[in-house]
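Colleague: One structure, pasted below without further comment.
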Amino acid sequence: MNDTSKMNLPKISLRGLHKQFGPKVVLDSIDLDVMPGESMVIIGGSGSGKSVTLKCILGLLHPEHGSIKVDGEETVGLTGKNRKRLQRKFGMLFQGAALFDSLPVWENVAFGLLAEGKVTRREGKEIAIENLGRVGLNPDVARLSPAELSGGMQKRVGLARAIANKPEIIFFDEPTTGLDPIMADVINELIVECVKDVGATTLTITHDMSSVRKIADKVAMIYKGNIIWSGPRGDIDRSGNDYVEQFIHGKAEGPIQMEILKA
Amino acid sequence: MNFLAVIGRVAFRFLQAAGRLGIFALTAVSHSFSPPFYFRSLVRQMMTIGYYSLPVVGLTALFTGAALALNIYEGGSRFNAEAALPSIVVIGIVRELGPVLCGLIVAGRVSASMAAELGTMRVTEQIDAMATLSTDPYKYLIAPRIVATTLMMPFLLVVVADIIGVMGGFLIATGKLNFNPGNYMTLTMDFLEAIDVYASLTKAAVFGFFISLMGCYHGYHSRGGAQGVGVSTTNAVVSACMLILLSNYIVTELFFAT
């Protein structure tokens with residue numbers, strides 16, 4: 001495959017993705033393309049299926065039907081070495097950072113490299129310190145335990161871990177949740193900078209509209225397990241879609257009815 | 001009709017859980033014998049499970065041996081069989097009390113700790129994070145724990161428990177019950193047979209496997225936050241203790257049933 005056709009091929013392509021837990025359908029039929037180098041942000045309310053979509057792509061959950069292609073290769077059902085080869089393309093920043101609390105910060109950052117035996121512990125530490133520097137943390141942080149860090153610092157260490165392996169695709173799960181507005185903006189800027197540095201394709205899920213406006217090239221909105229709108233970031237304010245309008249303006253009235261019991 | 005449905009549902013759930021546990025055990029064992037091997041993680045687990053369990057195992061064995069000697073002396077004196085004390089203490093400790101008490105103590109300490117640690121890692125997405133870093137959680141988390149416990153139980157903890165248990169009996173017999181130290185040790189060694197030691201070490205390895213399997217299984221499948229981790233921890237300890245007592249009978253039957 002030549003470079004031109006590679007550029008035309010979606011980095012991630014979802015078709016008819018369906019996932020349910022018992023009788024509860026979480027993903028009905030998701031169709032989505034993320035092009036190489038693109039920053040795609042999926043928005044949607046709590047319980048709309050954003051995280052499940054991400055976990056299906058990562059192979060942490062198995063869809064009942066549908067196709068997930070990465071670089072044109074079908075990934076549903078991949079196991080063993082093939083799954084591992086695919087995972088090497090991925091980096092992920094989890095909502096709660098998900099740092100390994102039994103390891104110091106530097107081992108968290110270099111975990112993937114050390115576990116695969118790609119580097120010695122000394123080299124791993126140097127790489128970790130370099131990546132901590134890229135997210136604005138000084139080398140002293142490297143020897144600390146994750147429990148000694150604030151929420152914002154944990155997110156930054158999580159980001160350093162996500163980019164340490166130089167992944168082709170980085171996933172961000174609610175990157176600014178639980179942070180104050182200033183720290184949220186710092187994280188958003190770091191995401192933009194680091195992704196530019198690494199040259200990765202990104203898929204972010206969030207319901208924070210300031211994140212969307214800062215990091216997205218394209219936006220897709222998920223509602224009740226379906227993509228109901230997608231388009232460039234600039235079009236989101238004139239989408240003409242009542243669901244998108246209600247969501248981005250955070251209104252209680254509109255077609256999206258929250259499942260709340262009123263006394 | 002409803003009663004039959006309830007029985008069917010319970011049987012179905014039991015078989016489902018047994019099948020899931022069986023698959024987990026087979027996966028864990030197969031990952032223990034295939035590369036990559038995480039030796040650093042294995043050594044860390046050996047220290048945590050083996051070395052740091054020594055004080056509690058040693059104290060338990062010491063007091064159990066001492067109490068056993070007092071009981072046997074008092075009971076034996078009713079039909080003038082006090083002289084059988086050394087042989088009964090050594091057989092009782094090595095065949096039964098050493099491995100079983102050590103197993104139960106380690107189940108309480110290690111199985112609970114494994115379930116709590118892995119359960120917390122599960123609910124805080126650390127296990128998912130590990131998978132996204134191209135690292136198989138079975139190899140990095142489960143295999144070292146199972147191998148370390150299965151090795152440490154027979155080759156360190158139960159050996160120490162057996163020796164200290166017999167020494168507990170020896171100290172009471174010679175210090176309080178006026179046994180001659182030389183005669184006591186001679187009688188002890190005369191009555192101890194190789195098969196007693198093999199049975200003790202076999203039990204220890206089986207118990208070690210079940211302790212770690214239950215801790216890892218319940219921790220790995222934790223869900224539902226702090227309460228879920230608490231439930232997993234309780235289930236891990238209870239199921240490990242039950243399996244220890246059940247497998248103790250089976251191994252005893254295999255070794256000593258005539």
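By convention in this document, the chains of the structure tokens carry letters A, B, ... by their order, each chain's residues are numbered from 1, and ligands are numbered from 1 in the order they are shown.
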Check every residue of chain A for an atom within 12 Å of chain B, counting only C-alpha atoms, and provide those that qualify as a ChimeraX atom specification.
Modeller: /A:54-61,79-103,108-117,121,158,161-167,169-171,173
Colleague: Quick one: residues within 8 Å of stretch 245-258 of chain B, only C-alpha atoms counted, chain neighbours fewer than 3 positions away excluded, as a PyMOL selection string?
Modeller: chain B and resi 100+195+199+202-203+206-207+241-242
Colleague: Using only C-alpha atoms, which protein or nucleic acid residues come within 10 Å of B:Leu97? Drop anything in the same chain fewer than 2 positions from it, and give the result as a PyMOL selection string.
Modeller: chain B and resi 61+64-65+68+89-95+99-103+158+161-162+165+200
Colleague: Could you take the residues named above and write them with N, CA and C atoms, as a CSV table (one decimal), in the first residue's frame?
Modeller:
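Saved as selection.csv:
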```csv
chain,number,residue,atom,x,y,z
B,61,ALA,N,2.6,-21.9,64.9
B,61,ALA,CA,3.1,-23.3,65.0
B,61,ALA,C,3.7,-23.5,66.4
B,64,THR,N,0.8,-23.9,68.9
B,64,THR,CA,0.0,-25.1,68.6
B,64,THR,C,0.8,-26.3,69.1
B,65,GLY,N,2.1,-26.4,68.8
B,65,GLY,CA,2.9,-27.5,69.2
B,65,GLY,C,3.0,-27.6,70.7
B,68,LEU,N,-0.5,-28.8,71.9
B,68,LEU,CA,-0.7,-30.2,71.6
B,68,LEU,C,0.1,-31.1,72.6
B,89,VAL,N,3.1,-35.9,68.8
B,89,VAL,CA,3.3,-34.5,68.4
B,89,VAL,C,3.9,-34.4,67.0
B,90,VAL,N,4.9,-35.2,66.7
B,90,VAL,CA,5.6,-35.0,65.4
B,90,VAL,C,4.6,-35.4,64.3
B,91,ILE,N,3.9,-36.5,64.5
B,91,ILE,CA,3.0,-36.9,63.4
B,91,ILE,C,1.8,-35.9,63.3
B,92,GLY,N,1.3,-35.5,64.4
B,92,GLY,CA,0.2,-34.5,64.4
B,92,GLY,C,0.6,-33.2,63.7
B,93,ILE,N,1.8,-32.7,64.1
B,93,ILE,CA,2.3,-31.5,63.5
B,93,ILE,C,2.6,-31.6,62.0
B,94,VAL,N,3.4,-32.6,61.7
B,94,VAL,CA,3.9,-32.7,60.3
B,94,VAL,C,2.8,-33.1,59.3
B,95,ARG,N,2.0,-34.1,59.7
B,95,ARG,CA,1.0,-34.6,58.8
B,95,ARG,C,-0.2,-33.6,58.7
B,99,PRO,N,0.8,-28.1,58.1
B,99,PRO,CA,0.3,-27.6,56.8
B,99,PRO,C,-1.1,-26.9,56.9
B,100,VAL,N,-2.0,-27.5,57.7
B,100,VAL,CA,-3.4,-26.9,57.7
B,100,VAL,C,-3.4,-25.5,58.4
B,101,LEU,N,-2.8,-25.5,59.6
B,101,LEU,CA,-2.8,-24.2,60.2
B,101,LEU,C,-2.0,-23.1,59.5
B,102,CYS,N,-0.9,-23.5,58.9
B,102,CYS,CA,-0.1,-22.6,58.1
B,102,CYS,C,-0.9,-22.1,56.9
B,103,GLY,N,-1.6,-23.1,56.3
B,103,GLY,CA,-2.5,-22.8,55.1
B,103,GLY,C,-3.6,-21.8,55.5
B,158,VAL,N,5.8,-24.1,55.4
B,158,VAL,CA,5.3,-25.3,56.1
B,158,VAL,C,6.5,-26.0,56.7
B,161,ALA,N,7.0,-24.1,59.8
B,161,ALA,CA,5.9,-24.4,60.7
B,161,ALA,C,6.1,-25.8,61.3
B,162,ASP,N,6.4,-26.8,60.5
B,162,ASP,CA,6.6,-28.2,61.0
B,162,ASP,C,7.7,-28.2,62.1
B,165,GLY,N,6.7,-26.1,65.2
B,165,GLY,CA,5.6,-26.8,65.9
B,165,GLY,C,6.2,-28.0,66.7
B,200,SER,N,3.2,-33.7,53.9
B,200,SER,CA,3.1,-32.4,54.4
B,200,SER,C,3.4,-31.4,53.3
```
Colleague: Figure out the distance between atom CA of B:Val106 and atom CA of B:Ile49, please, to one decimal in Å.
Modeller: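 Distance between the two atoms: 8.0 Å.
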Colleague: In Å to one decimal, how far is atom CA of B:Gly208 from atom CA of B:Leu151?
Modeller: 7.5 Å
Colleague: Name all residues at most 10 Å from stretch 184-190 of chain B (count only C-alpha atoms; drop same-chain ones fewer than 5 positions away) and give them as a PyMOL selection string.
Modeller: chain B and resi 83-91+166-167+169-170+173-174+179
Colleague: Using only C-alpha atoms, which residues sit within 10 Å of A:Glu148 once same-chain residues fewer than 3 positions away are excluded, as number ranges by chain?
Modeller: A: 101, 104-105, 141, 144-145, 151, 153-154
Colleague: Have a look at atom CA of B:Ala194 and atom CA of B:Gly168 and let me know their distance in Å, one decimal.
Modeller: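 Separating atom CA of B:Ala194 from atom CA of B:Gly168 is a distance of 21.2 Å.
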Colleague: Mind checking DSSP for stretch 121-235 of chain B and telling me the alpha helix (DSSP H) residues as an MDAnalysis selection string?
Modeller: chainID B and resid 121:123 126:132 137 143:152 158:175 181:191 194:220 225:235
Colleague: Rank A:Asn226, A:Ala220, A:Val195, A:Thr204 by their smallest atom-to-atom distance to A:Leu27, using only C-alpha atoms, and report the top residue only.
Modeller: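 Checking each candidate against A:Leu27, we get A:Asn226 as the closest.
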Colleague: Give the answer as one residue: which of B:Ser111, B:Asn71, B:Asn80, B:Thr120 has the shortest atom-to-atom distance to B:Val229, using only C-alpha atoms?
Modeller: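 The closest residue to B:Val229 is B:Thr120.
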Colleague: I'd like the contact shell of stretch 15-18 of chain A - 6 Å cut-off, only C-alpha atoms, skipping same-chain residues fewer than 6 positions apart - returned as a CSV table (one decimal) with N, CA and C atoms, in the first residue's frame.
Modeller:
```
chain,number,residue,atom,x,y,z
A,27,LEU,N,-24.4,0.1,22.8
A,27,LEU,CA,-24.1,0.6,21.5
A,27,LEU,C,-25.0,-0.1,20.5
A,28,ASP,N,-25.8,0.7,19.8
A,28,ASP,CA,-26.8,0.1,18.9
A,28,ASP,C,-26.1,-0.2,17.6
A,29,SER,N,-25.6,0.8,16.9
A,29,SER,CA,-25.0,0.5,15.6
A,29,SER,C,-24.1,1.8,15.3
A,30,ILE,N,-22.9,1.7,15.7
A,30,ILE,CA,-22.0,2.8,15.6
A,30,ILE,C,-21.2,2.8,14.3
A,31,ASP,N,-21.2,3.8,13.5
A,31,ASP,CA,-20.4,4.0,12.3
A,31,ASP,C,-19.5,5.2,12.5
A,63,PRO,N,-17.4,-6.6,21.2
A,63,PRO,CA,-18.7,-6.3,20.7
A,63,PRO,C,-19.5,-7.5,20.2
A,64,GLU,N,-20.8,-7.5,20.2
A,64,GLU,CA,-21.6,-8.6,19.7
A,64,GLU,C,-21.6,-8.7,18.2
A,65,HIS,N,-21.7,-7.5,17.6
A,65,HIS,CA,-21.6,-7.5,16.1
A,65,HIS,C,-20.8,-6.2,15.7
A,66,GLY,N,-20.5,-6.2,14.4
A,66,GLY,CA,-19.9,-5.0,13.9
A,66,GLY,C,-18.4,-5.2,13.6
A,67,SER,N,-17.8,-4.2,13.0
A,67,SER,CA,-16.4,-4.2,12.6
A,67,SER,C,-15.6,-3.1,13.2
```
Colleague: When you count only C-alpha atoms, which of these residues is closest to B:Leu177: B:Ser77, B:Thr27, B:Asn2, B:Thr48?
Modeller: B:Ser77
Colleague: Between A:Pro146, A:Gly44, A:Gly49, A:Gly254, which is the closest to A:Trp229 once you count only C-alpha atoms?
Modeller: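 Result for the nearest residue to A:Trp229: A:Gly44.
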